[in-house]
$ cat entry23.cif   # mmCIF, C-alpha atoms
data_final
#
loop_
_atom_site.label_atom_id
_atom_site.label_comp_id
_atom_site.auth_asym_id
_atom_site.auth_seq_id
_atom_site.Cartn_x
_atom_site.Cartn_y
_atom_site.Cartn_z
CA MET A 281 36.00 -47.17 35.26
CA ASP A 282 37.05 -44.77 37.99
CA CYS A 283 34.94 -42.42 40.12
CA ASN A 284 35.53 -39.41 37.85
CA ALA A 285 34.33 -41.26 34.79
CA ALA A 286 31.36 -42.70 36.67
CA ARG A 287 30.27 -39.32 37.99
CA ALA A 288 30.66 -37.79 34.54
CA LEU A 289 27.97 -40.21 33.45
CA LEU A 290 25.68 -39.27 36.34
CA PRO A 291 23.46 -36.81 34.37
CA LEU A 292 22.93 -39.46 31.71
CA ALA A 293 22.69 -42.50 33.90
CA THR A 294 19.98 -41.00 36.07
CA HIS A 295 17.86 -40.02 33.08
CA THR A 296 16.27 -43.01 31.42
CA PRO A 297 16.09 -41.67 27.83
CA ASP A 298 19.81 -40.98 27.88
CA ALA A 299 21.01 -43.92 29.95
CA PRO A 300 24.25 -45.42 28.66
CA THR A 301 24.05 -48.77 26.98
CA GLY A 302 26.39 -51.55 26.02
CA PRO A 303 29.91 -51.69 27.43
CA GLU A 304 29.61 -48.26 29.02
CA ALA A 305 26.56 -49.34 31.00
CA ALA A 306 28.29 -52.52 32.07
CA ALA A 307 31.37 -50.62 33.23
CA LEU A 308 29.25 -48.18 35.18
CA ARG A 309 27.31 -50.98 36.77
CA ASP A 310 30.49 -52.72 37.78
CA HIS A 311 31.88 -49.55 39.33
CA LEU A 312 28.76 -48.80 41.29
CA ALA A 313 28.81 -52.33 42.61
CA THR A 314 32.23 -51.71 44.07
CA CYS A 315 32.16 -48.00 44.98
CA SER A 316 29.71 -47.20 47.79
CA GLU A 317 30.18 -43.42 47.51
CA CYS A 318 29.35 -43.29 43.81
CA ASP A 319 26.52 -45.71 44.32
CA ALA A 320 25.05 -43.56 47.10
CA LEU A 321 25.39 -40.47 44.93
CA PHE A 322 23.63 -42.11 42.04
CA ARG A 323 20.83 -43.42 44.20
CA ALA A 324 20.28 -40.05 45.85
CA GLU A 325 20.23 -38.33 42.51
CA MET A 326 17.73 -40.79 41.14
CA ARG A 327 15.52 -40.44 44.20
CA LEU A 328 15.62 -36.69 43.91
CA ASP A 329 14.86 -36.77 40.20
CA ALA A 330 11.94 -39.13 40.79
CA HIS A 331 10.66 -36.87 43.57
CA LEU A 332 10.93 -33.67 41.55
CA GLY A 333 9.61 -35.40 38.47
CA ARG A 334 6.45 -36.54 40.24
CA ALA A 335 5.89 -33.04 41.54
CA MET A 336 6.55 -31.53 38.13
CA ARG A 337 4.03 -33.81 36.48
CA ASP A 338 1.47 -33.43 39.24
CA VAL A 339 -0.76 -30.95 37.47
CA PRO A 340 -4.50 -31.58 37.47
CA VAL A 341 -5.89 -31.39 33.98
CA PRO A 342 -9.31 -29.74 33.53
CA THR A 343 -11.85 -32.44 32.78
CA ALA A 344 -13.58 -30.48 30.04
CA LEU A 345 -10.37 -29.56 28.23
CA LYS A 346 -10.34 -32.46 25.79
CA GLN A 347 -13.85 -31.82 24.55
CA GLN A 348 -13.15 -28.09 24.28
CA ILE A 349 -10.19 -28.85 22.06
CA LEU A 350 -12.12 -31.25 19.84
CA THR A 351 -14.98 -28.78 19.47
CA ARG A 352 -12.62 -25.99 18.54
CA LEU A 353 -10.90 -28.17 15.96
CA GLU A 354 -14.22 -29.04 14.39
CA ASN A 355 -15.18 -25.38 14.26
CA GLN A 356 -11.87 -24.61 12.63
CA ARG A 357 -12.47 -27.25 9.97
CA TRP A 358 -15.88 -25.76 9.16
CA SER A 359 -14.42 -22.29 9.09
CA ASP A 360 -11.66 -23.36 6.74
CA TRP A 361 -14.17 -25.10 4.50
CA ARG A 362 -16.37 -22.01 4.31
CA GLN A 363 -13.35 -19.84 3.59
CA ARG A 364 -12.26 -22.13 0.77
CA LEU A 365 -15.74 -22.09 -0.68
CA TRP A 366 -15.85 -18.30 -0.48
CA ASN A 367 -12.44 -18.03 -2.17
CA LEU A 368 -13.54 -20.48 -4.84
CA THR A 369 -16.77 -18.69 -5.73
CA HIS A 370 -15.36 -15.22 -5.62
CA GLY A 371 -12.22 -16.32 -7.32
CA SER A 372 -14.31 -17.89 -10.06
CA ALA A 373 -16.42 -14.78 -10.42
CA ALA A 374 -13.34 -12.62 -10.57
CA ALA A 375 -11.74 -14.96 -13.08
CA ALA A 376 -14.88 -14.93 -15.21
CA ALA A 377 -15.03 -11.14 -15.15
CA LEU A 378 -11.40 -10.94 -16.09
CA LEU A 379 -11.89 -13.38 -18.95
CA LEU A 380 -14.87 -11.40 -20.13
CA ALA A 381 -12.88 -8.18 -20.06
CA LEU A 382 -9.98 -9.74 -21.87
CA GLY A 383 -12.35 -11.23 -24.40
CA ALA A 384 -13.91 -7.85 -25.02
CA VAL A 385 -10.52 -6.25 -25.50
CA TRP A 386 -9.54 -8.99 -27.91
CA TRP A 387 -12.79 -8.72 -29.84
CA PHE A 388 -12.65 -5.00 -30.29
CA SER A 389 -9.01 -5.08 -31.20
CA LEU A 390 -9.57 -7.54 -34.01
CA PRO A 391 -8.65 -6.03 -37.34
CA ARG A 392 -11.78 -5.40 -39.29
CA THR A 393 -12.01 -6.19 -42.94
CA SER A 394 -12.57 -2.55 -43.44
CA PHE A 395 -11.05 -1.29 -46.59
CA ASP A 396 -12.95 1.91 -46.57
CA GLY A 397 -11.40 3.57 -43.62
CA GLN A 398 -10.90 7.20 -44.04
CA GLU A 399 -11.64 7.02 -47.76
CA SER A 400 -15.14 6.66 -46.52
CA HIS A 401 -16.89 4.56 -49.00
CA VAL A 402 -19.30 3.72 -46.28
CA ALA A 403 -22.30 5.91 -46.37
CA PHE A 404 -23.70 5.63 -42.93
CA ASN A 405 -27.02 7.14 -43.78
CA ILE A 406 -27.65 4.89 -46.78
CA THR A 407 -28.87 1.39 -46.25
CA ARG A 408 -27.15 -1.41 -47.94
CA PRO A 409 -28.46 -1.59 -51.54
CA THR A 410 -29.94 -4.92 -52.48
CA ASN A 411 -30.31 -4.20 -56.19
CA GLN A 412 -29.24 -1.83 -58.91
CA GLU A 413 -32.17 0.52 -58.34
CA ALA A 414 -31.35 0.93 -54.68
CA ALA A 415 -27.69 1.44 -55.52
CA SER A 416 -28.61 4.15 -58.06
CA SER A 417 -30.81 5.85 -55.49
CA ALA A 418 -28.00 5.77 -52.92
CA LEU A 419 -25.55 7.27 -55.40
CA GLN A 420 -27.96 10.05 -56.19
CA GLN A 421 -28.32 10.83 -52.53
CA LEU A 422 -24.58 11.24 -52.44
CA GLY A 423 -24.76 13.66 -55.32
CA TYR A 424 -23.73 11.41 -58.11
CA ASP A 425 -25.93 10.86 -61.12
CA GLN A 426 -24.22 7.62 -62.00
CA CYS A 427 -26.32 4.49 -61.96
CA GLY A 428 -25.44 1.48 -59.94
CA PRO A 429 -23.82 -1.40 -61.88
CA GLU A 430 -26.24 -4.05 -63.07
CA PHE A 431 -23.90 -6.96 -63.55
CA VAL A 432 -23.09 -7.67 -59.94
CA ARG A 433 -24.55 -9.71 -57.13
CA TYR A 434 -25.92 -7.21 -54.69
CA GLU A 435 -26.18 -9.75 -51.91
CA TYR A 436 -22.45 -9.15 -51.51
CA CYS A 437 -22.79 -5.40 -51.39
CA ILE A 438 -22.14 -3.98 -47.97
CA SER A 439 -21.91 -0.28 -48.56
CA VAL A 440 -22.25 2.64 -50.92
CA GLY A 441 -20.14 5.75 -50.59
CA ASP A 442 -17.31 7.63 -52.20
CA GLY A 443 -13.58 7.90 -52.04
CA ASP A 444 -10.47 8.77 -53.93
CA LEU A 445 -10.44 8.10 -57.62
CA PRO A 446 -7.37 5.99 -58.37
CA GLY A 447 -4.95 7.97 -60.46
CA TYR A 448 -6.61 11.19 -59.37
CA PRO A 449 -6.04 11.51 -55.62
CA SER A 450 -7.72 14.83 -55.22
CA GLN A 451 -10.87 13.65 -56.97
CA ARG A 452 -13.79 11.86 -55.39
CA ALA A 453 -15.76 9.15 -57.10
CA PRO A 454 -18.67 6.92 -56.08
CA ARG A 455 -17.82 3.51 -54.68
CA LEU A 456 -19.65 0.32 -53.94
CA VAL A 457 -18.01 -2.22 -51.71
CA PHE A 458 -18.63 -5.94 -52.02
CA VAL A 459 -17.44 -8.63 -49.64
CA GLY A 460 -17.33 -12.17 -50.96
CA PRO A 461 -16.65 -15.55 -49.39
CA ARG A 462 -12.91 -15.03 -49.26
CA GLU A 463 -12.18 -11.75 -50.99
CA HIS A 464 -13.69 -8.35 -51.57
CA ALA A 465 -14.08 -5.87 -54.34
CA ILE A 466 -14.57 -2.16 -54.80
CA ILE A 467 -16.45 -0.91 -57.84
CA ILE A 468 -15.71 2.72 -58.58
CA GLY A 469 -17.85 4.70 -60.90
CA VAL A 470 -15.86 6.79 -63.37
CA ASP A 471 -17.09 9.66 -65.49
CA THR A 472 -15.25 8.88 -68.72
CA ARG A 473 -15.83 12.36 -70.01
CA ARG A 474 -13.62 13.70 -67.30
CA TYR A 475 -11.28 10.92 -66.41
CA LYS A 476 -9.32 8.31 -68.17
CA VAL A 477 -9.14 5.06 -66.33
CA GLN A 478 -7.22 1.96 -67.17
CA PRO A 479 -6.97 -1.41 -65.55
CA ALA A 480 -3.97 -1.65 -63.27
CA GLU A 481 -2.90 -2.99 -59.97
CA PHE A 482 -3.90 -0.83 -57.11
CA ALA A 483 -3.13 -0.62 -53.40
CA GLU A 484 -5.19 0.94 -50.72
CA ASN A 485 -5.54 0.54 -46.96
CA GLY A 486 -3.09 -2.34 -46.92
CA TYR A 487 -4.86 -4.29 -49.63
CA LYS A 488 -3.60 -5.02 -53.10
CA TYR A 489 -6.12 -5.10 -55.85
CA ARG A 490 -6.21 -6.17 -59.44
CA GLY A 491 -8.22 -3.88 -61.64
CA GLU A 492 -10.52 -4.20 -64.62
CA VAL A 493 -12.50 -1.56 -66.37
CA LEU A 494 -15.97 -2.19 -67.61
CA HIS A 495 -17.53 0.22 -70.03
CA THR A 496 -21.26 0.36 -70.20
CA GLY A 497 -21.46 2.22 -73.49
CA SER A 498 -22.48 5.42 -71.83
CA ARG A 499 -20.67 8.16 -70.12
CA TRP A 500 -20.02 6.00 -67.13
CA ALA A 501 -17.53 3.20 -66.67
CA TYR A 502 -16.76 1.02 -63.74
CA LEU A 503 -13.33 0.32 -62.34
CA VAL A 504 -13.55 -3.03 -60.61
CA LEU A 505 -10.83 -3.51 -58.06
CA TYR A 506 -10.70 -6.96 -56.49
CA THR A 507 -8.55 -9.04 -54.24
CA GLY A 508 -7.97 -12.65 -55.15
CA GLU A 509 -7.48 -14.15 -58.58
CA ASN A 510 -10.68 -12.99 -60.19
CA TRP A 511 -14.02 -11.50 -59.44
CA ASN A 512 -16.22 -14.22 -60.87
CA TRP A 513 -17.85 -14.60 -57.45
CA LEU A 514 -19.23 -11.07 -57.88
CA TYR A 515 -20.64 -11.40 -61.31
CA SER A 516 -24.31 -12.00 -61.71
CA VAL A 517 -23.44 -13.02 -65.26
CA PRO A 518 -20.15 -14.87 -65.79
CA SER A 519 -17.50 -12.72 -67.40
CA GLU A 520 -16.37 -13.58 -70.85
CA MET B 280 2.67 -37.68 5.26
CA PHE B 281 -0.64 -36.87 6.85
CA GLN B 282 -3.61 -35.39 5.14
CA ALA B 283 -4.14 -31.89 6.36
CA GLY B 284 -6.77 -31.65 9.07
CA SER B 285 -7.73 -35.32 9.07
CA PRO B 286 -10.38 -35.47 11.83
CA THR B 287 -9.63 -39.02 12.95
CA LEU B 288 -5.92 -38.38 13.21
CA MET B 289 -6.41 -35.13 15.05
CA GLN B 290 -8.71 -36.78 17.53
CA ARG B 291 -6.07 -39.38 18.18
CA LEU B 292 -3.40 -36.76 18.68
CA VAL B 293 -5.62 -34.89 21.10
CA GLU B 294 -6.42 -37.95 23.14
CA GLU B 295 -2.79 -39.01 23.37
CA HIS B 296 -1.16 -35.69 24.08
CA TYR B 297 -3.58 -33.10 25.40
CA ALA B 298 -2.91 -33.86 29.07
CA SER B 299 0.88 -33.74 28.87
CA LEU B 300 0.68 -30.63 26.70
CA TYR B 301 -1.51 -28.97 29.27
CA ARG B 302 0.92 -29.82 32.06
CA TYR B 303 3.77 -28.48 29.98
CA GLY B 304 1.85 -25.33 29.20
CA TYR B 305 0.98 -24.89 32.84
CA ARG B 306 4.58 -25.27 33.97
CA LEU B 307 5.71 -22.82 31.30
CA SER B 308 3.15 -20.15 31.94
CA GLY B 309 2.24 -20.73 35.57
CA SER B 310 -1.40 -20.17 34.73
CA SER B 311 -4.14 -22.71 34.09
CA ALA B 312 -6.01 -20.28 31.83
CA ASP B 313 -2.94 -19.61 29.76
CA ALA B 314 -2.19 -23.31 29.62
CA GLU B 315 -5.67 -24.05 28.24
CA ASP B 316 -5.28 -21.37 25.60
CA LEU B 317 -1.86 -22.61 24.66
CA VAL B 318 -3.03 -26.18 24.29
CA GLN B 319 -5.99 -25.22 22.12
CA GLU B 320 -3.84 -22.96 20.00
CA THR B 321 -1.32 -25.75 19.62
CA PHE B 322 -3.83 -28.24 18.32
CA CYS B 323 -5.37 -25.69 15.97
CA LYS B 324 -1.98 -24.98 14.48
CA ALA B 325 -1.25 -28.67 14.29
CA GLN B 326 -4.47 -29.27 12.39
CA ALA B 327 -3.69 -26.49 9.95
CA ASN B 328 -0.18 -27.79 9.37
CA LEU B 329 -0.61 -31.52 9.71
CA HIS B 330 1.13 -32.05 6.39
CA GLN B 331 4.37 -30.99 8.09
CA LEU B 332 4.28 -34.04 10.37
CA ARG B 333 5.96 -36.73 8.31
CA ASP B 334 6.87 -39.15 11.09
CA PRO B 335 4.10 -40.12 13.52
CA ALA B 336 6.71 -41.04 16.11
CA ARG B 337 7.68 -37.38 16.31
CA ALA B 338 4.16 -36.14 16.94
CA ARG B 339 4.77 -35.46 20.60
CA SER B 340 7.98 -33.49 20.03
CA TRP B 341 6.29 -31.59 17.25
CA LEU B 342 3.32 -30.65 19.41
CA PHE B 343 5.53 -29.60 22.30
CA SER B 344 7.55 -27.48 19.94
CA ILE B 345 4.43 -25.77 18.63
CA LEU B 346 3.27 -25.04 22.15
CA ARG B 347 6.61 -23.62 23.17
CA HIS B 348 6.67 -21.30 20.17
CA ALA B 349 3.13 -20.23 20.92
CA TYR B 350 4.16 -19.45 24.48
CA LEU B 351 7.22 -17.51 23.39
CA HIS B 352 5.15 -15.57 20.89
CA ARG B 353 2.81 -14.53 23.66
CA VAL B 354 5.45 -13.69 26.19
CA ARG B 355 8.06 -12.16 23.87
CA GLU B 356 10.37 -10.96 26.55
CA GLU B 357 10.16 -11.87 30.18
CA ALA B 358 10.99 -9.14 32.61
CA SER B 359 14.56 -9.86 33.55
CA SER B 360 14.02 -8.46 37.00
CA ASP B 361 11.62 -11.31 37.73
CA CYS B 362 14.16 -13.98 36.83
CA ILE B 363 17.02 -15.13 38.92
CA PRO B 364 20.28 -15.16 37.00
CA LEU B 365 21.75 -18.60 37.28
CA ASP B 366 25.19 -17.74 36.01
CA HIS B 367 26.56 -17.77 39.49
CA VAL B 368 24.71 -20.92 40.47
CA GLY B 369 26.94 -23.92 40.55
CA GLU B 370 25.95 -26.98 38.72
CA VAL B 371 26.38 -29.12 41.75
CA ALA B 372 23.57 -29.12 44.21
CA GLU B 373 23.86 -28.38 47.79
CA PRO B 374 23.29 -31.52 49.79
CA ALA B 375 19.65 -32.36 50.26
CA PRO B 376 18.07 -33.73 53.42
CA GLU B 377 17.80 -37.45 53.79
CA GLU B 378 14.10 -37.29 54.04
CA LEU B 379 12.92 -35.53 50.99
CA PRO B 380 10.21 -33.06 51.97
CA GLU B 381 6.89 -32.94 50.21
CA ILE B 382 7.01 -30.39 47.45
CA ASP B 383 4.37 -27.76 47.65
CA PRO B 384 2.87 -27.26 44.14
CA GLU B 385 2.71 -23.51 44.54
CA GLN B 386 6.28 -23.32 45.72
CA LEU B 387 7.34 -25.48 42.81
CA GLN B 388 5.62 -23.20 40.32
CA ALA B 389 7.01 -20.14 42.03
CA ALA B 390 10.50 -21.58 41.82
CA LEU B 391 9.98 -22.39 38.15
CA SER B 392 8.67 -18.91 37.44
CA GLU B 393 11.88 -17.46 38.85
CA LEU B 394 13.76 -19.12 36.03
CA SER B 395 14.06 -17.52 32.64
CA GLU B 396 12.54 -19.51 29.80
CA VAL B 397 15.87 -20.88 28.57
CA TYR B 398 16.30 -22.62 31.92
CA ARG B 399 12.66 -23.37 32.59
CA THR B 400 11.93 -25.22 29.36
CA PRO B 401 14.71 -27.79 29.63
CA ILE B 402 13.95 -28.59 33.25
CA ILE B 403 10.27 -29.02 32.52
CA LEU B 404 10.92 -31.22 29.51
CA TYR B 405 13.52 -33.16 31.46
CA TYR B 406 10.92 -34.26 33.96
CA PHE B 407 8.38 -35.20 31.31
CA GLU B 408 9.08 -38.81 30.49
CA GLY B 409 10.61 -39.57 27.19
CA PHE B 410 12.38 -36.29 26.53
CA GLY B 411 16.08 -36.98 26.25
CA TYR B 412 18.82 -34.38 26.09
CA ARG B 413 18.97 -34.66 22.33
CA GLU B 414 15.26 -34.08 21.98
CA ILE B 415 15.37 -31.09 24.33
CA ALA B 416 18.32 -29.68 22.41
CA ASP B 417 16.41 -30.08 19.13
CA GLN B 418 13.33 -28.40 20.58
CA MET B 419 15.32 -25.42 21.73
CA ASP B 420 17.67 -25.39 18.76
CA THR B 421 20.54 -25.34 21.23
CA PRO B 422 23.70 -27.45 21.51
CA ILE B 423 23.27 -30.45 23.75
CA GLY B 424 26.13 -29.34 26.00
CA THR B 425 24.37 -26.06 26.64
CA VAL B 426 21.18 -27.90 27.46
CA MET B 427 22.93 -30.13 29.97
CA SER B 428 24.60 -27.16 31.61
CA ARG B 429 21.35 -25.23 31.90
CA LEU B 430 19.60 -28.31 33.25
CA ALA B 431 22.17 -28.78 35.92
CA ARG B 432 21.88 -25.17 37.03
CA ALA B 433 18.09 -25.27 36.98
CA LYS B 434 18.02 -28.48 39.00
CA ALA B 435 20.38 -26.94 41.52
CA HIS B 436 18.07 -23.94 41.80
CA LEU B 437 15.00 -26.10 42.34
CA ARG B 438 16.79 -28.24 44.78
CA ALA B 439 17.89 -25.24 46.78
CA LYS B 440 14.41 -23.74 46.78
CA LEU B 441 12.39 -26.87 47.42
CA ILE B 442 14.58 -29.41 49.11
CA GLY B 443 16.90 -27.27 51.08
CA PRO B 444 20.44 -27.87 52.31
CA GLY B 445 21.84 -30.46 54.61
CA VAL B 446 21.60 -33.61 52.67
CA SER B 447 22.84 -36.95 53.74
CA VAL B 448 23.02 -38.92 50.63
CA GLY B 449 22.18 -42.53 50.80
CA ASP B 450 24.07 -43.68 53.92
CA GLY B 451 24.42 -40.23 55.37
CA GLN B 452 27.74 -39.46 53.71
CA PRO B 453 28.05 -35.91 52.42
CA ALA B 454 27.73 -35.65 48.69
CA ARG B 455 30.97 -35.25 46.79
CA ARG B 456 31.33 -32.95 43.93
CA ALA B 457 30.70 -34.78 40.70
CA ASN B 458 33.14 -34.38 37.92
CA ASP B 459 32.24 -31.14 36.26
CA GLY B 460 32.12 -32.66 32.85
CA LEU B 461 29.01 -30.81 31.88
#
$ encode --input "entry23.cif" --output "structure tokens"
Amino acid sequence: MDCNAARALLPLATHTPDAPTGPEAAALRDHLATCSECDALFRAEMRLDAHLGRAMRDVPVPTALKQQILTRLENQRWSDWRQRLWNLTHGSAAAAALLLALGAVWWFSLPRTSFDGQESHVAFNITRPTNQEAASSALQQLGYDQCGPEFVRYEYCISVGDGDLPGYPSQRAPRLVFVGPREHAIIIGVDTRRYKVQPAEFAENGYKYRGEVLHTGSRWAYLVLYTGENWNWLYSVPSE
Amino acid sequence: MFQAGSPTLMQRLVEEHYASLYRYGYRLSGSSADAEDLVQETFCKAQANLHQLRDPARARSWLFSILRHAYLHRVREEASSDCIPLDHVGEVAEPAPEELPEIDPEQLQAALSELSEVYRTPIILYYFEGFGYREIADQMDTPIGTVMSRLARAKAHLRAKLIGPGVSVGDGQPARRANDGL
């Protein structure tokens, strides 16, 4: 190794973390052992670095600093914990409110099994009839002198009203609505002196109904429109 | 990987590094009050981001890096008029006297404060044991050659301010110019 190469290594050789190792270190050592100028330069540089280094590191550290740091870190941990707890509780409350709102929207948007709709066979001012007498009274209040059917189970009756007469769209007729375990039925009173009614399939408000006509031997007949296969569930006396 | 904010680990980090961090902060800022703030801020950030420290052997570098960024964030831009441009300063020191004079702490800090941060940081880190050129270069996100060049210029500046000219090196022979391989 010559002087140029040795002095090129000076910044590294005089700084312990970067000191050359292995063959390079050996070559440098050998050169310094034989070159007094380079050796003097290296020694002076190392002395100067040591001198400046001591001065650079000679900074008195405040005695209370360590405890101040530890206290601040502990306060920060408590602060973070309180913040997380706050976020958790308020986040939960907000989430609960949101769920409640979404639930309400879902509930009120559920399709109702309302097959009366605008045909209005719900009479809001008439309580749900629990027997034939009550049904007759409700029909009279609506202006119909037809009696309520006697062959049905009134525990399934949910409303009394009126609506279109099938086959005669411009005509109104009394209706009783029944909701069973899995299906529903509409019983429409028909004045046979004015209208002819025959059993047929019928569609209304998105529902498809089968129809049967029951004659009571008087002026009035009943058109029974039902979903499902039959309306046995509605009969108080099994049909023949 | 460390658990965020682990009290025991943080206490250990504080005990091992608070003093050197304070000295570093003091040399960077020139103010003991600023140095205290910087050190506290550094440890707070470290606690909040302890999960980022994957290798415990790199804790010191990591902490020093946090402190430097905290300092830079505070200072933003140093007034250039307060800094001495070192572009014209050669990388080879003027000869120093044989008897090295005692270095006055205030003069040392004044000389450091004359340097812009890009020169001040490497020279400070250089004289803190254990920081090699590679580590300094990583801290500053600067090529190692640039770091060595800046170090040489900063050392020459300090030498000129604190040691003075007229060196006899070793046996009194004038210092020769080292190969400018930096």
$ interface_residues --input "entry23.cif" --of "chain A" --to "chain B" --cutoff "9 Å" --atoms "all atoms listed in the file" --output "number ranges by chain"
A: 283-292, 295-298, 317-325, 327-342, 345-346, 348-350, 352-354, 356-357
$ write_last_selection --input "entry23.cif" --atoms "C-alpha atoms" --output "PDB file, in the coordinates of the input"
ATOM      1  CA  CYS A 283      34.940 -42.420  40.120  1.00  0.00           C
ATOM      2  CA  ASN A 284      35.530 -39.410  37.850  1.00  0.00           C
ATOM      3  CA  ALA A 285      34.330 -41.260  34.790  1.00  0.00           C
ATOM      4  CA  ALA A 286      31.360 -42.700  36.670  1.00  0.00           C
ATOM      5  CA  ARG A 287      30.270 -39.320  37.990  1.00  0.00           C
ATOM      6  CA  ALA A 288      30.660 -37.790  34.540  1.00  0.00           C
ATOM      7  CA  LEU A 289      27.970 -40.210  33.450  1.00  0.00           C
ATOM      8  CA  LEU A 290      25.680 -39.270  36.340  1.00  0.00           C
ATOM      9  CA  PRO A 291      23.460 -36.810  34.370  1.00  0.00           C
ATOM     10  CA  LEU A 292      22.930 -39.460  31.710  1.00  0.00           C
ATOM     11  CA  HIS A 295      17.860 -40.020  33.080  1.00  0.00           C
ATOM     12  CA  THR A 296      16.270 -43.010  31.420  1.00  0.00           C
ATOM     13  CA  PRO A 297      16.090 -41.670  27.830  1.00  0.00           C
ATOM     14  CA  ASP A 298      19.810 -40.980  27.880  1.00  0.00           C
ATOM     15  CA  GLU A 317      30.180 -43.420  47.510  1.00  0.00           C
ATOM     16  CA  CYS A 318      29.350 -43.290  43.810  1.00  0.00           C
ATOM     17  CA  ASP A 319      26.520 -45.710  44.320  1.00  0.00           C
ATOM     18  CA  ALA A 320      25.050 -43.560  47.100  1.00  0.00           C
ATOM     19  CA  LEU A 321      25.390 -40.470  44.930  1.00  0.00           C
ATOM     20  CA  PHE A 322      23.630 -42.110  42.040  1.00  0.00           C
ATOM     21  CA  ARG A 323      20.830 -43.420  44.200  1.00  0.00           C
ATOM     22  CA  ALA A 324      20.280 -40.050  45.850  1.00  0.00           C
ATOM     23  CA  GLU A 325      20.230 -38.330  42.510  1.00  0.00           C
ATOM     24  CA  ARG A 327      15.520 -40.440  44.200  1.00  0.00           C
ATOM     25  CA  LEU A 328      15.620 -36.690  43.910  1.00  0.00           C
ATOM     26  CA  ASP A 329      14.860 -36.770  40.200  1.00  0.00           C
ATOM     27  CA  ALA A 330      11.940 -39.130  40.790  1.00  0.00           C
ATOM     28  CA  HIS A 331      10.660 -36.870  43.570  1.00  0.00           C
ATOM     29  CA  LEU A 332      10.930 -33.670  41.550  1.00  0.00           C
ATOM     30  CA  GLY A 333       9.610 -35.400  38.470  1.00  0.00           C
ATOM     31  CA  ARG A 334       6.450 -36.540  40.240  1.00  0.00           C
ATOM     32  CA  ALA A 335       5.890 -33.040  41.540  1.00  0.00           C
ATOM     33  CA  MET A 336       6.550 -31.530  38.130  1.00  0.00           C
ATOM     34  CA  ARG A 337       4.030 -33.810  36.480  1.00  0.00           C
ATOM     35  CA  ASP A 338       1.470 -33.430  39.240  1.00  0.00           C
ATOM     36  CA  VAL A 339      -0.760 -30.950  37.470  1.00  0.00           C
ATOM     37  CA  PRO A 340      -4.500 -31.580  37.470  1.00  0.00           C
ATOM     38  CA  VAL A 341      -5.890 -31.390  33.980  1.00  0.00           C
ATOM     39  CA  PRO A 342      -9.310 -29.740  33.530  1.00  0.00           C
ATOM     40  CA  LEU A 345     -10.370 -29.560  28.230  1.00  0.00           C
ATOM     41  CA  LYS A 346     -10.340 -32.460  25.790  1.00  0.00           C
ATOM     42  CA  GLN A 348     -13.150 -28.090  24.280  1.00  0.00           C
ATOM     43  CA  ILE A 349     -10.190 -28.850  22.060  1.00  0.00           C
ATOM     44  CA  LEU A 350     -12.120 -31.250  19.840  1.00  0.00           C
ATOM     45  CA  ARG A 352     -12.620 -25.990  18.540  1.00  0.00           C
ATOM     46  CA  LEU A 353     -10.900 -28.170  15.960  1.00  0.00           C
ATOM     47  CA  GLU A 354     -14.220 -29.040  14.390  1.00  0.00           C
ATOM     48  CA  GLN A 356     -11.870 -24.610  12.630  1.00  0.00           C
ATOM     49  CA  ARG A 357     -12.470 -27.250   9.970  1.00  0.00           C
TER      50      ARG A 357
END
$ residues_around --input "entry23.cif" --residues "Arg337 of chain B" --least-positions-apart "2" --cutoff "12 Å" --atoms "all atoms listed in the file" --output "MDAnalysis selection string"
chainID B and resid 292 296 331:335 339:344 409:410 414 417:418
$ atom_distance --input "entry23.cif" --atom1 "atom CA of Leu379 of chain A" --atom2 "atom CA of Asn367 of chain A"
17.4 Å
$ atom_distance --input "entry23.cif" --atom1 "atom CA of Leu494 of chain A" --atom2 "atom CA of Ala414 of chain A"
20.3 Å
$ atom_distance --input "entry23.cif" --atom1 "atom CA of Ala501 of chain A" --atom2 "atom CA of Cys427 of chain A"
10.1 Å
